[in-house]
Amino acid sequence: MNFFFMSALQFVRYKHARFSARFPEAFRYSRSHYWMAPVDGAGGLWRVGFTKFATRMLGELVDSDWSVPEGQEVSPGQSIGHVEGFKAASDVLCVMKGSFAGGNDFLKQDACIVRSDPYEQGWLYAVQGEPEDGHLDVHGYIELLDATIKRMAETTHAEPGDGDATGED
């Protein structure tokens, strides 16, 4: 699948304590830390990936696998595959309504691209359809992220550098 994203992405910078990241302004975001972006010229095709926050929590990816075939109808909250990282393994949840259009084949060659280039080459999967209800714009996602990080800080006693969600972009 070699379609191009929107050209000239504009980013919004976020910083909280030692965690900083940039988030594409035109993307949509889920409450489960995925981004969704329409693919230019592809008529309703969207790519989905992990936000920079999610990649920090998961660590470097080493493998991904999809449990649904291309063309199958998918819905928000459905487990459609899994990823495995150095820090954790996780189900990949669908954040779109529509038809599964496949996973990113490049991840089989270099799964680390999900962390190093999460918003362009490091996308996870594509869906022909539309984002889930309740998706957020970048400013809504930043508010959610702020509350999430504050809650994590209140409930954990992690030292800086202990694999928590801190670090610079």
# chains A, B, ... in the order shown; residues from 1 in each chain; ligands from 1

$ residues_around --residues "A:Gln10" --least-positions-apart "4" --cutoff "8 Å" --atoms "only C-alpha atoms" --output "PyMOL selection string"
chain A and resi 24-26

$ write_last_selection --atoms "C-alpha atoms" --output "short mmCIF file (atom, residue, chain, number, x, y, z; two decimals), in the first residue's frame"
data_model
loop_
_atom_site.label_atom_id
_atom_site.label_comp_id
_atom_site.auth_asym_id
_atom_site.auth_seq_id
_atom_site.Cartn_x
_atom_site.Cartn_y
_atom_site.Cartn_z
CA PRO A 24 0.25 16.16 13.79
CA GLU A 25 -2.39 18.87 13.97
CA ALA A 26 -4.64 17.51 11.20
#

$ residues_around --residues "stretch 49-59 of chain A" --least-positions-apart "5" --cutoff "7 Å" --atoms "only C-alpha atoms" --output "CSV table (one decimal) with C-alpha atoms, in the first residue's frame"
chain,number,residue,atom,x,y,z
A,21,ALA,CA,6.3,15.0,21.8
A,33,HIS,CA,-3.6,6.5,22.2
A,34,TYR,CA,-3.9,5.8,18.5
A,35,TRP,CA,-3.8,8.3,15.7
A,36,MET,CA,-6.0,8.2,12.5
A,85,GLY,CA,7.9,-4.9,22.0
A,86,PHE,CA,10.9,-5.1,24.3
A,87,LYS,CA,8.8,-3.8,27.2
A,88,ALA,CA,5.4,-5.4,26.6
A,115,ARG,CA,8.8,4.4,17.4
A,118,PRO,CA,5.3,6.9,14.2
A,123,TRP,CA,1.7,3.4,10.7
A,124,LEU,CA,0.2,0.1,11.9
A,125,TYR,CA,-2.9,-0.7,9.7
A,164,ASP,CA,8.3,5.3,32.5
A,165,ALA,CA,6.8,7.6,30.0

$ residues_around --residues "A:His135" --least-positions-apart "2" --cutoff "7 Å" --atoms "only C-alpha atoms" --output "PDB file with N, CA and C atoms, in the first residue's frame"
ATOM      1  N   ARG A  28      -6.595  12.774  13.649  1.00  0.00           N
ATOM      2  CA  ARG A  28      -7.590  12.508  14.673  1.00  0.00           C
ATOM      3  C   ARG A  28      -6.943  11.530  15.656  1.00  0.00           C
ATOM      4  N   TYR A  29      -7.443  11.499  16.889  1.00  0.00           N
ATOM      5  CA  TYR A  29      -6.830  10.682  17.939  1.00  0.00           C
ATOM      6  C   TYR A  29      -7.887   9.927  18.719  1.00  0.00           C
ATOM      7  N   SER A  30      -7.517   8.741  19.200  1.00  0.00           N
ATOM      8  CA  SER A  30      -8.424   7.954  20.036  1.00  0.00           C
ATOM      9  C   SER A  30      -8.023   8.112  21.496  1.00  0.00           C
ATOM     10  N   PRO A 131     -13.345   7.182  11.292  1.00  0.00           N
ATOM     11  CA  PRO A 131     -12.913   7.051  12.691  1.00  0.00           C
ATOM     12  C   PRO A 131     -14.071   6.729  13.629  1.00  0.00           C
ATOM     13  N   GLU A 132     -13.726   6.109  14.744  1.00  0.00           N
ATOM     14  CA  GLU A 132     -14.708   5.782  15.779  1.00  0.00           C
ATOM     15  C   GLU A 132     -15.391   7.039  16.294  1.00  0.00           C
ATOM     16  N   ASP A 133     -16.593   6.864  16.844  1.00  0.00           N
ATOM     17  CA  ASP A 133     -17.288   7.963  17.506  1.00  0.00           C
ATOM     18  C   ASP A 133     -16.446   8.409  18.699  1.00  0.00           C
TER      19      ASP A 133
END

$ residues_around --residues "A:Arg31" --least-positions-apart "3" --cutoff "10 Å" --atoms "only C-alpha atoms" --output "number ranges by chain"
A: 34-35, 95, 134-136, 140-141, 144-145

$ select_by_dssp --residues "chain A" --states "helix (DSSP H, G or I)" --output "JSON, numbers by chain"
{"A": [52, 53, 54, 55, 56, 57, 58, 105, 106, 107, 108, 113, 114, 115, 116, 138, 139, 140, 141, 142, 143, 144, 145, 146, 147, 148, 149, 150, 151, 152, 153, 154, 155]}
